[in-house]
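These notes concern the structure reproduced below.
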Amino acid sequence: TRRRNNIMIFDFECESKTGQKPKKYTNENQDAFYARDNGKWCCLCIADGAGSKKHATLGATWLTHDVSEYLLEHADRLIGSDELQVRSEVMECIRRSLSKTVAFRNVEYSELSSTMLCTLTDGNKCLVLHMGDGVILAVRDGYLNVLSFPMNGSSKRSTALTTMTTAEQHLRIQKVSCDPISVIWLMTDGAMYKVFQENYGLNGEELSMQLIRNKLSDGNDDDATYGYIKWRIS
């Protein structure tokens, strides 16, 4: 999708591949993503639904929509707020989203668990939000840098989730200057482990949607979701 305004051209794209490994409750893709720009700000949010939870897909789907729309609506104020205020508001948005889904669909709160990766930018400033595993990366002066590493527990299978009572402690927030960043990438762990070598190396290849598709073309046990926001001055 492309949208032009007086200053920036935003490009954003996201894809999701369903994993081949059977899940406890369903064989559907439990990842979700949502991306939109409002002419000034662009937001991309990805959630990896917990495979052990019955309604993780539902929780991830509404979470990505609700958090993105909240960030877009309040972007100008949030970008100038301190980290504690941003964390408080985003967590309240997450709880409202999950509670709304509980009420409308008559499901248990804990069954809506997911991770969350999100970025909001106007091409000058960027807000980065991350809870759980997966990775957020930036292309800076042509080089790939990690903005936010995955958070795991005692094993790769354990991580922070949105429905945890301690979720607020695990929501990582960064404000980043976009100069000299030109692209921000978000990936769930299912994509991350297939695409990258150790230390996020790529053998000199440029990270692109086609490169990721190629690396996932031989199949993937886990659901794999990936996407980017790119911008340039018009």
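In the structure tokens, chains take the letters A, B, ... in the order shown, each chain's residues start at 1, and ligands count up from 1 in the order shown.
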Selection near Thr18 (chain A), 8 Å with only C-alpha atoms, sequence-local residues under 5 positions removed, as a VMD selection string: chain A and resid 28 to 29 220 222 to 224
Picked from region 123-210 of chain A by DSSP as alpha helix (DSSP H), as a PyMOL selection string: chain A and resi 189-195+209-210
Could you dump the residues just selected with N, CA and C atoms as an mmCIF file, in the first residue's frame?
```
data_model
loop_
_atom_site.group_PDB
_atom_site.id
_atom_site.type_symbol
_atom_site.label_atom_id
_atom_site.label_comp_id
_atom_site.auth_asym_id
_atom_site.auth_seq_id
_atom_site.Cartn_x
_atom_site.Cartn_y
_atom_site.Cartn_z
ATOM 1 N N ASP A 189 8.722 -14.886 15.634
ATOM 2 C CA ASP A 189 9.837 -15.825 15.762
ATOM 3 C C ASP A 189 9.827 -16.880 14.661
ATOM 4 N N GLY A 190 8.641 -17.226 14.160
ATOM 5 C CA GLY A 190 8.563 -18.212 13.094
ATOM 6 C C GLY A 190 9.289 -17.792 11.840
ATOM 7 N N ALA A 191 9.259 -16.502 11.533
ATOM 8 C CA ALA A 191 10.007 -15.975 10.390
ATOM 9 C C ALA A 191 11.466 -15.749 10.759
ATOM 10 N N MET A 192 11.690 -15.204 11.932
ATOM 11 C CA MET A 192 13.046 -14.839 12.370
ATOM 12 C C MET A 192 13.998 -16.027 12.329
ATOM 13 N N TYR A 193 13.556 -17.170 12.851
ATOM 14 C CA TYR A 193 14.450 -18.327 12.924
ATOM 15 C C TYR A 193 14.738 -18.938 11.560
ATOM 16 N N LYS A 194 13.856 -18.723 10.596
ATOM 17 C CA LYS A 194 14.083 -19.252 9.256
ATOM 18 C C LYS A 194 14.934 -18.329 8.397
ATOM 19 N N VAL A 195 14.822 -17.044 8.626
ATOM 20 C CA VAL A 195 15.461 -16.062 7.748
ATOM 21 C C VAL A 195 16.918 -15.821 8.123
ATOM 22 N N MET A 209 11.000 -8.695 0.985
ATOM 23 C CA MET A 209 9.890 -9.630 1.065
ATOM 24 C C MET A 209 10.188 -10.888 0.259
ATOM 25 N N GLN A 210 10.810 -10.723 -0.917
ATOM 26 C CA GLN A 210 11.094 -11.880 -1.757
ATOM 27 C C GLN A 210 12.123 -12.797 -1.111
#
```
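Using only C-alpha atoms, the contacts of region 139-145 of chain A at a cut-off of 8 Å, with sequence neighbours closer than 4 positions omitted, comprise Pro180, Ile181, Ser182, Val183 and Ile184 of chain A.
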For the residues selected in the previous step, produce a file with C-alpha atoms as a PDB file, in the first residue's frame.
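Wrote it out as selection_7.pdb, contents follow:
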```pdb
ATOM      1  CA  PRO A 180      19.384   7.717   9.069  1.00  0.00           C
ATOM      2  CA  ILE A 181      16.803   4.846   9.218  1.00  0.00           C
ATOM      3  CA  SER A 182      14.894   4.179   5.991  1.00  0.00           C
ATOM      4  CA  VAL A 183      13.028   0.921   6.730  1.00  0.00           C
ATOM      5  CA  ILE A 184      11.744  -0.830   9.857  1.00  0.00           C
TER       6      ILE A 184
END
```
At most 12 Å is the cut-off: for each residue in region 90-183 of chain A with any atom that close to an atom of region 57-64 of chain A, write down the nearest atom pair and the distance in Å rounded to one decimal, counting only C-alpha atoms, chain first then increasing number, as JSON lines.
```
{"residue": "A:Val90", "atom": "CA", "partner": "A:Leu63", "partner_atom": "CA", "distance": 10.9}
{"residue": "A:Met91", "atom": "CA", "partner": "A:Leu63", "partner_atom": "CA", "distance": 11.0}
{"residue": "A:Glu92", "atom": "CA", "partner": "A:Leu63", "partner_atom": "CA", "distance": 11.7}
{"residue": "A:Cys93", "atom": "CA", "partner": "A:Leu63", "partner_atom": "CA", "distance": 8.7}
{"residue": "A:Ile94", "atom": "CA", "partner": "A:Leu63", "partner_atom": "CA", "distance": 6.5}
{"residue": "A:Arg95", "atom": "CA", "partner": "A:Leu63", "partner_atom": "CA", "distance": 9.2}
{"residue": "A:Arg96", "atom": "CA", "partner": "A:Leu63", "partner_atom": "CA", "distance": 9.3}
{"residue": "A:Ser97", "atom": "CA", "partner": "A:Leu63", "partner_atom": "CA", "distance": 5.9}
{"residue": "A:Leu98", "atom": "CA", "partner": "A:Gly59", "partner_atom": "CA", "distance": 6.4}
{"residue": "A:Ser99", "atom": "CA", "partner": "A:Gly59", "partner_atom": "CA", "distance": 9.7}
{"residue": "A:Lys100", "atom": "CA", "partner": "A:Trp62", "partner_atom": "CA", "distance": 9.2}
{"residue": "A:Thr101", "atom": "CA", "partner": "A:Gly59", "partner_atom": "CA", "distance": 7.1}
{"residue": "A:Val102", "atom": "CA", "partner": "A:Gly59", "partner_atom": "CA", "distance": 9.0}
{"residue": "A:Phe104", "atom": "CA", "partner": "A:Leu58", "partner_atom": "CA", "distance": 11.3}
{"residue": "A:Arg105", "atom": "CA", "partner": "A:Leu58", "partner_atom": "CA", "distance": 9.2}
{"residue": "A:Asn106", "atom": "CA", "partner": "A:Leu58", "partner_atom": "CA", "distance": 11.7}
{"residue": "A:Val107", "atom": "CA", "partner": "A:Leu58", "partner_atom": "CA", "distance": 9.8}
{"residue": "A:Glu108", "atom": "CA", "partner": "A:Gly59", "partner_atom": "CA", "distance": 10.4}
{"residue": "A:Tyr109", "atom": "CA", "partner": "A:Gly59", "partner_atom": "CA", "distance": 8.8}
{"residue": "A:Ser110", "atom": "CA", "partner": "A:Gly59", "partner_atom": "CA", "distance": 9.6}
{"residue": "A:Glu111", "atom": "CA", "partner": "A:Gly59", "partner_atom": "CA", "distance": 7.9}
{"residue": "A:Leu112", "atom": "CA", "partner": "A:Gly59", "partner_atom": "CA", "distance": 4.3}
{"residue": "A:Ser113", "atom": "CA", "partner": "A:Gly59", "partner_atom": "CA", "distance": 6.4}
{"residue": "A:Ser114", "atom": "CA", "partner": "A:Ala60", "partner_atom": "CA", "distance": 5.9}
{"residue": "A:Thr115", "atom": "CA", "partner": "A:Ala60", "partner_atom": "CA", "distance": 8.1}
{"residue": "A:Met116", "atom": "CA", "partner": "A:Thr64", "partner_atom": "CA", "distance": 7.9}
{"residue": "A:Leu117", "atom": "CA", "partner": "A:Thr64", "partner_atom": "CA", "distance": 9.0}
{"residue": "A:Cys118", "atom": "CA", "partner": "A:Thr64", "partner_atom": "CA", "distance": 8.4}
{"residue": "A:Thr119", "atom": "CA", "partner": "A:Thr64", "partner_atom": "CA", "distance": 11.2}
{"residue": "A:Leu129", "atom": "CA", "partner": "A:Thr64", "partner_atom": "CA", "distance": 11.9}
{"residue": "A:Leu161", "atom": "CA", "partner": "A:Ala60", "partner_atom": "CA", "distance": 10.7}
{"residue": "A:Thr162", "atom": "CA", "partner": "A:Leu63", "partner_atom": "CA", "distance": 9.3}
{"residue": "A:Thr163", "atom": "CA", "partner": "A:Gly59", "partner_atom": "CA", "distance": 9.6}
```
Atom-to-atom span, CA of Val176 (chain A) and CA of Asp76 (chain A), Å: 14.6 Å
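In this structure, CA of Gln169 (chain A) sits 20.2 Å away from CA of Thr188 (chain A).
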For Arg232 (chain A), the nearest of the candidates A:Ser158, A:Thr121, A:Leu207, A:Ser52, counting only C-alpha atoms: A:Thr121
Residues near Glu89 (chain A), cut-off 12 Å, only C-alpha atoms, skip fewer than 6 positions along chain, as number ranges by chain: A: 67, 70-71, 74-75, 77-78, 81-83, 95-96, 168, 171, 173
Can you write just those residues out, N, CA and C atoms, as a PDB file, in the first residue's frame?
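part_8.pdb, written as the output of this step:
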```
ATOM      1  N   VAL A  67      -4.800  -1.640  18.819  1.00  0.00           N
ATOM      2  CA  VAL A  67      -3.585  -0.920  19.213  1.00  0.00           C
ATOM      3  C   VAL A  67      -3.152   0.028  18.095  1.00  0.00           C
ATOM      4  N   TYR A  70      -5.444   3.076  17.935  1.00  0.00           N
ATOM      5  CA  TYR A  70      -5.202   3.972  19.076  1.00  0.00           C
ATOM      6  C   TYR A  70      -3.932   4.789  18.860  1.00  0.00           C
ATOM      7  N   LEU A  71      -2.872   4.130  18.423  1.00  0.00           N
ATOM      8  CA  LEU A  71      -1.613   4.834  18.194  1.00  0.00           C
ATOM      9  C   LEU A  71      -1.755   5.896  17.113  1.00  0.00           C
ATOM     10  N   HIS A  74      -3.695   8.964  18.464  1.00  0.00           N
ATOM     11  CA  HIS A  74      -3.036   9.758  19.504  1.00  0.00           C
ATOM     12  C   HIS A  74      -1.543   9.944  19.249  1.00  0.00           C
ATOM     13  N   ALA A  75      -1.116   9.746  18.012  1.00  0.00           N
ATOM     14  CA  ALA A  75       0.315   9.732  17.684  1.00  0.00           C
ATOM     15  C   ALA A  75       1.033  11.013  18.092  1.00  0.00           C
ATOM     16  N   ARG A  77       0.470  13.217  20.344  1.00  0.00           N
ATOM     17  CA  ARG A  77       0.640  13.365  21.787  1.00  0.00           C
ATOM     18  C   ARG A  77       1.581  12.298  22.348  1.00  0.00           C
ATOM     19  N   LEU A  78       1.421  11.056  21.900  1.00  0.00           N
ATOM     20  CA  LEU A  78       2.223   9.965  22.447  1.00  0.00           C
ATOM     21  C   LEU A  78       3.707  10.117  22.132  1.00  0.00           C
ATOM     22  N   SER A  81       5.196  12.125  24.751  1.00  0.00           N
ATOM     23  CA  SER A  81       4.982  11.703  26.140  1.00  0.00           C
ATOM     24  C   SER A  81       6.154  10.874  26.635  1.00  0.00           C
ATOM     25  N   ASP A  82       6.309  10.797  27.951  1.00  0.00           N
ATOM     26  CA  ASP A  82       7.400   9.979  28.489  1.00  0.00           C
ATOM     27  C   ASP A  82       7.031   8.503  28.434  1.00  0.00           C
ATOM     28  N   GLU A  83       8.033   7.663  28.679  1.00  0.00           N
ATOM     29  CA  GLU A  83       7.861   6.217  28.524  1.00  0.00           C
ATOM     30  C   GLU A  83       6.784   5.663  29.446  1.00  0.00           C
ATOM     31  N   ARG A  95      -5.654  -4.052  27.264  1.00  0.00           N
ATOM     32  CA  ARG A  95      -6.651  -4.645  28.164  1.00  0.00           C
ATOM     33  C   ARG A  95      -8.073  -4.399  27.674  1.00  0.00           C
ATOM     34  N   ARG A  96      -8.334  -3.193  27.157  1.00  0.00           N
ATOM     35  CA  ARG A  96      -9.664  -2.903  26.624  1.00  0.00           C
ATOM     36  C   ARG A  96      -9.982  -3.803  25.435  1.00  0.00           C
ATOM     37  N   GLU A 168       2.583  -5.662  31.753  1.00  0.00           N
ATOM     38  CA  GLU A 168       3.064  -4.280  31.693  1.00  0.00           C
ATOM     39  C   GLU A 168       4.570  -4.202  31.925  1.00  0.00           C
ATOM     40  N   LEU A 171       6.431  -4.871  28.512  1.00  0.00           N
ATOM     41  CA  LEU A 171       6.223  -4.032  27.330  1.00  0.00           C
ATOM     42  C   LEU A 171       7.415  -3.090  27.179  1.00  0.00           C
ATOM     43  N   ILE A 173       9.536  -0.198  25.259  1.00  0.00           N
ATOM     44  CA  ILE A 173       9.201   0.997  24.487  1.00  0.00           C
ATOM     45  C   ILE A 173      10.474   1.750  24.136  1.00  0.00           C
TER      46      ILE A 173
END
```
Secondary structure check, strand (DSSP E or B) residues of region 93-218 of chain A, as JSON, numbers by chain: {"A": [114, 116, 117, 118, 119, 120, 121, 125, 126, 127, 128, 129, 130, 131, 135, 136, 137, 138, 139, 140, 143, 144, 145, 146, 147, 148, 152, 159, 172, 173, 174, 175, 176, 177, 181, 182, 183, 184, 185, 186, 187]}
Close residues, Arg213 (chain A) itself excluded, 10 Å, only C-alpha atoms, min 4 positions apart in chain, as a count of residues only: 10
Pick from A:Cys14, A:Leu202, A:Lys54, A:Ile7 nearest to Gln30 (chain A), counting only C-alpha atoms: A:Lys54
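The shortest atom-to-atom distance to Val135 (chain A), with only C-alpha atoms taken into account, belongs to A:Ala47 out of A:Ala47, A:Leu72, A:Ala167, A:Leu120.
Taking CA of Phe12 (chain A) and CA of Asp37 (chain A) as endpoints, the distance between them is 9.1 Å.
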